[in-house]
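For reference, the structure is listed below as structure tokens.
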Amino acid sequence: MKNASELAKDVKLTPAEKGDPVAAQSDEQRRISEYWSRWAGEYEAYQAQRREAEGESSVWEGIWSAGLPQPPSQVLDLGTGSGAVAFLLAGMGHRVTGIDLAEGMLAEARRRSGYSANPMFGFGDAAGPQFDDAAFDALTARYVLWTLRKPDQALAEWLRILKPGGVLVAVDSLWFPEGLIAHEHEEDHSGARGQDFRRAYQGQEQDLPLAEAGSIGAFADRIRAAGFAEVTAEELPELKEADQEYGVAPGHRVQMQYRIRAVKPIS
Ligand SMILES: C[S@@+](CC[C@H](N)C(=O)[O-])C[C@H]1O[C@@H](n2cnc3c(N)ncnc32)[C@H](O)[C@@H]1O
């Protein structure tokens, strides 16, 4: 197990230097991670464009600060991708570590951070985070729960690494209620990314129950069943408005997103 400062010692290692940990992933997880690596450039280009939009940062600061402890707190951003949330929270005064299994995404995050100490990024599995018990005040996960294989196992681990009284704050949506592979709403679903998405996720529906959730209550129920308390799920109309004004990411549509917040019980 590593604590955040021990992780800092090896975040500068490349996969090759670390003995190719990518190869340690299951074939199913690797298909997902490689998909996100391949599209990391496009993903980050959209994030960068949105960061320039007027009011965008303050919308997100409001969303996170309503759920998180006062800064500074020790935060782990799970499935950090290109680090959008990690950078924002570090800018708000939190001490942030971001982990992901997609090296392409981590490369985008590190390109932006220049290997800074805050936020720092590491290769790591959100479903099996290599941290000590009670290492963090808060966990964040934006657009991650839906793509987590075996989320119940992940949530049990998230509870373990949170301090008693610590919080989990996730932002997510009902992305594929009509079916992970069958979804037809994306304009470019038949394009290269849509085809690649299908190759990555095909046959994984059973292990990704939240991808096809039909209500946000399904997220809250799983989080509660894992042992979290005070679980709430709130609509974020301010994000919908911003998406309407500035446009959604490639392959997406304007839809309601939710903040899900939960607390690790003190005893
Ligand atoms: C839609 S992206 C969201 C990225 C980022 N959280 C954001 O808000 O921009 C989903 C991310 O989850 C990551 N991911 C999926 N399963 C993971 C796992 N088991 N461990 C770590 N990262 C994972 C993917 O590699 C991808 O970067």
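Labels for the structure tokens follow display order: chains A, B, ..., residues from 1 in each chain, ligands from 1.
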
Checklist entry - So which residues are near ligand 1, meaning at most 6 Å away with only C-alpha atoms and all ligand atoms counted, given back as a count of residues only? => result 21

Next on the checklist: I need the alpha helix (DSSP H) residues of region 18-251 of chain A per DSSP on the backbone, written as an NGL selection string.
Outcome noted: :A and (27-38 or 40-51 or 56-65 or 84-91 or 103-113 or 151-161 or 192-201 or 217-225 or 237-246)

Let me see the file: selected residues, C-alpha atoms, as a PDB file, in the first residue's frame.
ATOM      1  CA  ASP A  27      -8.145  -7.987 -21.136  1.00  0.00           C
ATOM      2  CA  GLU A  28     -11.545  -6.399 -20.518  1.00  0.00           C
ATOM      3  CA  GLN A  29     -10.124  -3.463 -18.562  1.00  0.00           C
ATOM      4  CA  ARG A  30      -7.333  -3.019 -21.092  1.00  0.00           C
ATOM      5  CA  ARG A  31      -9.857  -2.646 -23.907  1.00  0.00           C
ATOM      6  CA  ILE A  32     -11.448   0.214 -21.952  1.00  0.00           C
ATOM      7  CA  SER A  33      -8.148   1.838 -20.960  1.00  0.00           C
ATOM      8  CA  GLU A  34      -6.778   1.674 -24.481  1.00  0.00           C
ATOM      9  CA  TYR A  35      -9.952   3.242 -25.831  1.00  0.00           C
ATOM     10  CA  TRP A  36      -9.514   6.211 -23.462  1.00  0.00           C
ATOM     11  CA  SER A  37      -5.835   6.444 -24.328  1.00  0.00           C
ATOM     12  CA  ARG A  38      -6.582   6.567 -28.055  1.00  0.00           C
ATOM     13  CA  ALA A  40      -7.272  11.278 -24.901  1.00  0.00           C
ATOM     14  CA  GLY A  41      -6.103  14.025 -27.273  1.00  0.00           C
ATOM     15  CA  GLU A  42      -9.615  14.733 -28.508  1.00  0.00           C
ATOM     16  CA  TYR A  43     -10.957  14.485 -24.948  1.00  0.00           C
ATOM     17  CA  GLU A  44      -8.481  17.017 -23.593  1.00  0.00           C
ATOM     18  CA  ALA A  45      -8.962  19.347 -26.575  1.00  0.00           C
ATOM     19  CA  TYR A  46     -12.638  19.642 -25.639  1.00  0.00           C
ATOM     20  CA  GLN A  47     -11.782  20.116 -21.943  1.00  0.00           C
ATOM     21  CA  ALA A  48      -9.338  22.878 -22.861  1.00  0.00           C
ATOM     22  CA  GLN A  49     -11.942  24.603 -25.032  1.00  0.00           C
ATOM     23  CA  ARG A  50     -14.511  24.500 -22.226  1.00  0.00           C
ATOM     24  CA  ARG A  51     -12.017  25.872 -19.715  1.00  0.00           C
ATOM     25  CA  GLU A  56     -17.064  27.634 -16.663  1.00  0.00           C
ATOM     26  CA  SER A  57     -14.558  27.443 -13.803  1.00  0.00           C
ATOM     27  CA  SER A  58     -16.868  29.109 -11.332  1.00  0.00           C
ATOM     28  CA  VAL A  59     -19.703  26.716 -12.213  1.00  0.00           C
ATOM     29  CA  TRP A  60     -17.458  23.737 -11.474  1.00  0.00           C
ATOM     30  CA  GLU A  61     -15.941  25.328  -8.369  1.00  0.00           C
ATOM     31  CA  GLY A  62     -19.455  25.755  -7.018  1.00  0.00           C
ATOM     32  CA  ILE A  63     -20.354  22.153  -7.801  1.00  0.00           C
ATOM     33  CA  TRP A  64     -17.312  20.722  -6.005  1.00  0.00           C
ATOM     34  CA  SER A  65     -17.159  23.128  -3.098  1.00  0.00           C
ATOM     35  CA  ALA A  84      -9.657  18.428 -15.378  1.00  0.00           C
ATOM     36  CA  VAL A  85     -11.071  17.944 -11.884  1.00  0.00           C
ATOM     37  CA  ALA A  86      -7.662  17.501 -10.258  1.00  0.00           C
ATOM     38  CA  PHE A  87      -6.374  20.815 -11.663  1.00  0.00           C
ATOM     39  CA  LEU A  88      -9.513  22.668 -10.644  1.00  0.00           C
ATOM     40  CA  LEU A  89      -9.432  21.328  -7.074  1.00  0.00           C
ATOM     41  CA  ALA A  90      -5.721  22.024  -6.693  1.00  0.00           C
ATOM     42  CA  GLY A  91      -6.457  25.566  -7.838  1.00  0.00           C
ATOM     43  CA  GLU A 103      -1.635   6.164 -20.135  1.00  0.00           C
ATOM     44  CA  GLY A 104      -2.790   8.461 -22.938  1.00  0.00           C
ATOM     45  CA  MET A 105      -4.970  10.375 -20.506  1.00  0.00           C
ATOM     46  CA  LEU A 106      -2.171  10.561 -17.937  1.00  0.00           C
ATOM     47  CA  ALA A 107       0.162  11.880 -20.632  1.00  0.00           C
ATOM     48  CA  GLU A 108      -2.287  14.727 -21.283  1.00  0.00           C
ATOM     49  CA  ALA A 109      -2.524  15.449 -17.545  1.00  0.00           C
ATOM     50  CA  ARG A 110       1.246  15.437 -17.111  1.00  0.00           C
ATOM     51  CA  ARG A 111       1.767  17.601 -20.179  1.00  0.00           C
ATOM     52  CA  ARG A 112      -0.366  20.221 -18.457  1.00  0.00           C
ATOM     53  CA  SER A 113       1.071  19.750 -14.964  1.00  0.00           C
ATOM     54  CA  PRO A 151     -18.355  -0.881  -9.164  1.00  0.00           C
ATOM     55  CA  ASP A 152     -19.333  -2.615  -5.915  1.00  0.00           C
ATOM     56  CA  GLN A 153     -15.775  -3.825  -5.443  1.00  0.00           C
ATOM     57  CA  ALA A 154     -14.505  -0.330  -6.219  1.00  0.00           C
ATOM     58  CA  LEU A 155     -16.892   1.320  -3.758  1.00  0.00           C
ATOM     59  CA  ALA A 156     -15.773  -1.004  -0.947  1.00  0.00           C
ATOM     60  CA  GLU A 157     -12.191   0.089  -1.625  1.00  0.00           C
ATOM     61  CA  TRP A 158     -13.201   3.750  -1.731  1.00  0.00           C
ATOM     62  CA  LEU A 159     -14.737   3.382   1.706  1.00  0.00           C
ATOM     63  CA  ARG A 160     -11.514   1.816   2.986  1.00  0.00           C
ATOM     64  CA  ILE A 161      -9.214   4.615   1.803  1.00  0.00           C
ATOM     65  CA  ALA A 192     -14.470   6.168 -35.941  1.00  0.00           C
ATOM     66  CA  ARG A 193     -14.941   6.943 -32.281  1.00  0.00           C
ATOM     67  CA  GLY A 194     -18.345   5.257 -32.130  1.00  0.00           C
ATOM     68  CA  GLN A 195     -16.946   2.115 -33.714  1.00  0.00           C
ATOM     69  CA  ASP A 196     -13.976   2.156 -31.379  1.00  0.00           C
ATOM     70  CA  PHE A 197     -16.308   2.642 -28.405  1.00  0.00           C
ATOM     71  CA  ARG A 198     -18.274  -0.434 -29.423  1.00  0.00           C
ATOM     72  CA  ARG A 199     -15.110  -2.506 -29.778  1.00  0.00           C
ATOM     73  CA  ALA A 200     -13.980  -1.426 -26.307  1.00  0.00           C
ATOM     74  CA  TYR A 201     -17.250  -1.878 -24.441  1.00  0.00           C
ATOM     75  CA  GLY A 217     -31.174   6.298  -7.687  1.00  0.00           C
ATOM     76  CA  ALA A 218     -29.295   3.267  -9.034  1.00  0.00           C
ATOM     77  CA  PHE A 219     -26.015   5.064  -8.338  1.00  0.00           C
ATOM     78  CA  ALA A 220     -27.137   6.140  -4.869  1.00  0.00           C
ATOM     79  CA  ASP A 221     -28.379   2.626  -4.018  1.00  0.00           C
ATOM     80  CA  ARG A 222     -25.049   1.017  -4.856  1.00  0.00           C
ATOM     81  CA  ILE A 223     -23.121   3.629  -2.880  1.00  0.00           C
ATOM     82  CA  ARG A 224     -25.406   3.109   0.121  1.00  0.00           C
ATOM     83  CA  ALA A 225     -25.115  -0.682  -0.173  1.00  0.00           C
ATOM     84  CA  PRO A 237     -29.138  22.347 -14.022  1.00  0.00           C
ATOM     85  CA  GLU A 238     -26.267  24.848 -14.171  1.00  0.00           C
ATOM     86  CA  LEU A 239     -24.245  22.291 -16.145  1.00  0.00           C
ATOM     87  CA  LYS A 240     -27.079  21.656 -18.553  1.00  0.00           C
ATOM     88  CA  GLU A 241     -27.331  25.383 -19.189  1.00  0.00           C
ATOM     89  CA  ALA A 242     -23.587  25.637 -19.764  1.00  0.00           C
ATOM     90  CA  ASP A 243     -23.696  22.657 -22.152  1.00  0.00           C
ATOM     91  CA  GLN A 244     -26.536  24.302 -24.053  1.00  0.00           C
ATOM     92  CA  GLU A 245     -24.530  27.492 -24.374  1.00  0.00           C
ATOM     93  CA  TYR A 246     -21.066  26.115 -25.108  1.00  0.00           C
TER      94      TYR A 246
END

Do you know which residues are at most 9 Å from Pro164 (chain A) counting only C-alpha atoms, after dropping those on the same chain fewer than 2 positions away, and could you put them as a compact mmCIF listing (two decimals) with C-alpha atoms, in the first residue's frame?
# COMPACT_ATOMS: atom_id res chain seq x y z
CA ALA A 134 -8.09 6.27 5.72
CA ASP A 137 -10.36 13.36 3.33
CA LEU A 159 -14.74 3.38 1.71
CA LEU A 162 -11.45 7.43 3.11
CA GLY A 166 -14.63 11.73 4.73
CA VAL A 167 -16.71 12.33 1.60
CA VAL A 263 -20.07 10.16 3.71
CA LYS A 264 -17.98 7.44 5.32
CA PRO A 265 -19.61 6.80 8.71
CA ILE A 266 -17.52 7.77 11.71
CA SER A 267 -17.98 4.41 13.44

Next on the checklist: I'd like the interatomic distance between CA of Asp77 (chain A) and CA of Gly179 (chain A), to a tenth of an Å.
Outcome noted: 27.2 Å

Checklist entry - Which residues come within 8 Å of Ala170 (chain A), counting only C-alpha atoms, excluding same-chain residues fewer than 2 positions away, as an NGL selection string? => result :A and (140-143 or 145 or 168 or 172 or 259-261)

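Closest approach to Gly247 (chain A) among A:Gly203, A:Pro69, A:Gly93, A:Ala53 is made by A:Ala53 (distances from only C-alpha atoms).
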
Item to check | Those in region 24-238 of chain A with strand (DSSP E or B) from DSSP, as a PyMOL selection string | outcome: chain A and resi 74-78+95-100+120-123+131+136-142+162-173+229-235

Could those selected residues go to a file with N, CA and C atoms, as a CSV table (one decimal), in the first residue's frame?
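Okay, this is what ended up in part-v1.csv:
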chain,number,residue,atom,x,y,z
A,74,GLN,N,-7.0,16.5,1.6
A,74,GLN,CA,-6.3,15.6,0.8
A,74,GLN,C,-7.3,14.8,-0.1
A,75,VAL,N,-7.3,15.0,-1.4
A,75,VAL,CA,-8.3,14.5,-2.3
A,75,VAL,C,-7.7,13.5,-3.3
A,76,LEU,N,-8.3,12.4,-3.5
A,76,LEU,CA,-8.0,11.5,-4.6
A,76,LEU,C,-9.0,11.6,-5.7
A,77,ASP,N,-8.6,11.9,-6.9
A,77,ASP,CA,-9.5,12.0,-8.0
A,77,ASP,C,-9.4,10.7,-8.8
A,78,LEU,N,-10.4,9.9,-8.7
A,78,LEU,CA,-10.4,8.5,-9.3
A,78,LEU,C,-10.8,8.6,-10.8
A,95,ARG,N,-5.1,19.5,-1.8
A,95,ARG,CA,-3.9,18.7,-2.2
A,95,ARG,C,-4.5,17.5,-3.0
A,96,VAL,N,-4.2,17.4,-4.2
A,96,VAL,CA,-4.9,16.4,-5.1
A,96,VAL,C,-3.9,15.4,-5.8
A,97,THR,N,-4.3,14.2,-5.7
A,97,THR,CA,-3.7,13.1,-6.5
A,97,THR,C,-4.7,12.6,-7.4
A,98,GLY,N,-4.3,12.4,-8.7
A,98,GLY,CA,-5.2,11.8,-9.7
A,98,GLY,C,-4.7,10.5,-10.2
A,99,ILE,N,-5.5,9.5,-10.2
A,99,ILE,CA,-5.1,8.2,-10.8
A,99,ILE,C,-6.0,7.8,-12.0
A,100,ASP,N,-5.4,7.0,-12.9
A,100,ASP,CA,-6.1,6.6,-14.1
A,100,ASP,C,-5.3,5.4,-14.6
A,120,MET,N,-0.8,15.9,-8.5
A,120,MET,CA,0.1,14.9,-9.0
A,120,MET,C,-0.7,13.7,-9.6
A,121,PHE,N,-0.1,13.1,-10.5
A,121,PHE,CA,-0.8,12.0,-11.2
A,121,PHE,C,-0.1,10.7,-11.2
A,122,GLY,N,-0.8,9.6,-11.1
A,122,GLY,CA,-0.2,8.3,-11.1
A,122,GLY,C,-1.0,7.3,-11.8
A,123,PHE,N,-0.4,6.3,-12.2
A,123,PHE,CA,-1.1,5.1,-12.9
A,123,PHE,C,-1.7,4.3,-11.8
A,131,PHE,N,-3.6,2.5,-1.8
A,131,PHE,CA,-3.4,3.5,-0.8
A,131,PHE,C,-3.7,2.9,0.6
A,136,PHE,N,-7.4,9.5,2.7
A,136,PHE,CA,-7.9,10.7,2.1
A,136,PHE,C,-9.1,11.3,2.9
A,137,ASP,N,-9.2,12.6,2.8
A,137,ASP,CA,-10.4,13.4,3.3
A,137,ASP,C,-11.5,13.3,2.4
A,138,ALA,N,-11.2,13.2,1.1
A,138,ALA,CA,-12.3,13.2,0.1
A,138,ALA,C,-11.8,12.5,-1.2
A,139,LEU,N,-12.8,11.9,-1.9
A,139,LEU,CA,-12.6,11.2,-3.1
A,139,LEU,C,-13.6,11.9,-4.2
A,140,THR,N,-13.0,12.1,-5.4
A,140,THR,CA,-13.9,12.7,-6.4
A,140,THR,C,-13.8,11.7,-7.6
A,141,ALA,N,-14.9,11.7,-8.3
A,141,ALA,CA,-15.0,10.8,-9.5
A,141,ALA,C,-16.0,11.4,-10.5
A,142,ARG,N,-15.5,12.1,-11.5
A,142,ARG,CA,-16.4,12.7,-12.5
A,142,ARG,C,-16.4,11.8,-13.7
A,162,LEU,N,-11.0,6.1,2.6
A,162,LEU,CA,-11.5,7.4,3.1
A,162,LEU,C,-11.3,7.4,4.6
A,163,LYS,N,-11.0,8.6,5.2
A,163,LYS,CA,-11.0,8.8,6.6
A,163,LYS,C,-12.5,8.7,7.1
A,164,PRO,N,-12.7,8.3,8.3
A,164,PRO,CA,-14.1,8.3,8.9
A,164,PRO,C,-14.6,9.8,8.8
A,165,GLY,N,-15.8,10.0,8.3
A,165,GLY,CA,-16.3,11.3,8.1
A,165,GLY,C,-15.9,11.9,6.8
A,166,GLY,N,-15.1,11.2,6.0
A,166,GLY,CA,-14.6,11.7,4.7
A,166,GLY,C,-15.8,11.6,3.7
A,167,VAL,N,-15.6,12.3,2.6
A,167,VAL,CA,-16.7,12.3,1.6
A,167,VAL,C,-16.3,11.8,0.2
A,168,LEU,N,-17.3,11.2,-0.4
A,168,LEU,CA,-17.2,10.9,-1.8
A,168,LEU,C,-18.1,11.8,-2.6
A,169,VAL,N,-17.5,12.5,-3.6
A,169,VAL,CA,-18.3,13.4,-4.4
A,169,VAL,C,-18.1,13.0,-5.9
A,170,ALA,N,-19.2,12.5,-6.5
A,170,ALA,CA,-19.1,12.1,-7.9
A,170,ALA,C,-20.1,12.9,-8.7
A,171,VAL,N,-19.7,13.2,-10.0
A,171,VAL,CA,-20.6,13.8,-10.9
A,171,VAL,C,-20.8,12.8,-12.1
A,172,ASP,N,-22.0,12.5,-12.4
A,172,ASP,CA,-22.2,11.5,-13.5
A,172,ASP,C,-23.6,11.8,-14.1
A,173,SER,N,-24.0,10.9,-15.0
A,173,SER,CA,-25.3,11.0,-15.7
A,173,SER,C,-25.8,9.7,-16.1
A,229,ALA,N,-22.9,6.5,4.1
A,229,ALA,CA,-24.1,7.1,4.7
A,229,ALA,C,-24.4,8.5,4.1
A,230,GLU,N,-25.5,9.1,4.4
A,230,GLU,CA,-25.9,10.4,4.0
A,230,GLU,C,-25.8,10.6,2.5
A,231,VAL,N,-26.2,9.6,1.7
A,231,VAL,CA,-26.1,9.6,0.3
A,231,VAL,C,-27.1,10.5,-0.3
A,232,THR,N,-26.7,11.4,-1.1
A,232,THR,CA,-27.7,12.3,-1.8
A,232,THR,C,-27.3,12.4,-3.3
A,233,ALA,N,-28.3,12.7,-4.1
A,233,ALA,CA,-28.1,12.8,-5.5
A,233,ALA,C,-28.9,14.1,-5.9
A,234,GLU,N,-28.2,15.0,-6.5
A,234,GLU,CA,-28.8,16.3,-6.9
A,234,GLU,C,-28.6,16.6,-8.3
A,235,GLU,N,-29.7,17.2,-8.9
A,235,GLU,CA,-29.5,17.6,-10.3
A,235,GLU,C,-28.6,18.8,-10.4

Next on the checklist: Ranking A:Ala135, A:Ile181, A:Ala226, A:Leu174 by minimum distance to Val254 (chain A) and counting only C-alpha atoms, which one comes first?
Outcome noted: A:Leu174

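Closest approach to Asn118 (chain A) from the set A:Gln130, A:Ser26, A:Gln206, A:Ser73 is made by A:Ser73, with distances taken over only C-alpha atoms.
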
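CA of Leu68 (chain A) is found 27.7 Å from CA of Arg253 (chain A).
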
Item to check | Atomic distance CA of Lys150 (chain A) - CA of Glu212 (chain A), expressed in Å with one decimal | outcome: 13.5 Å
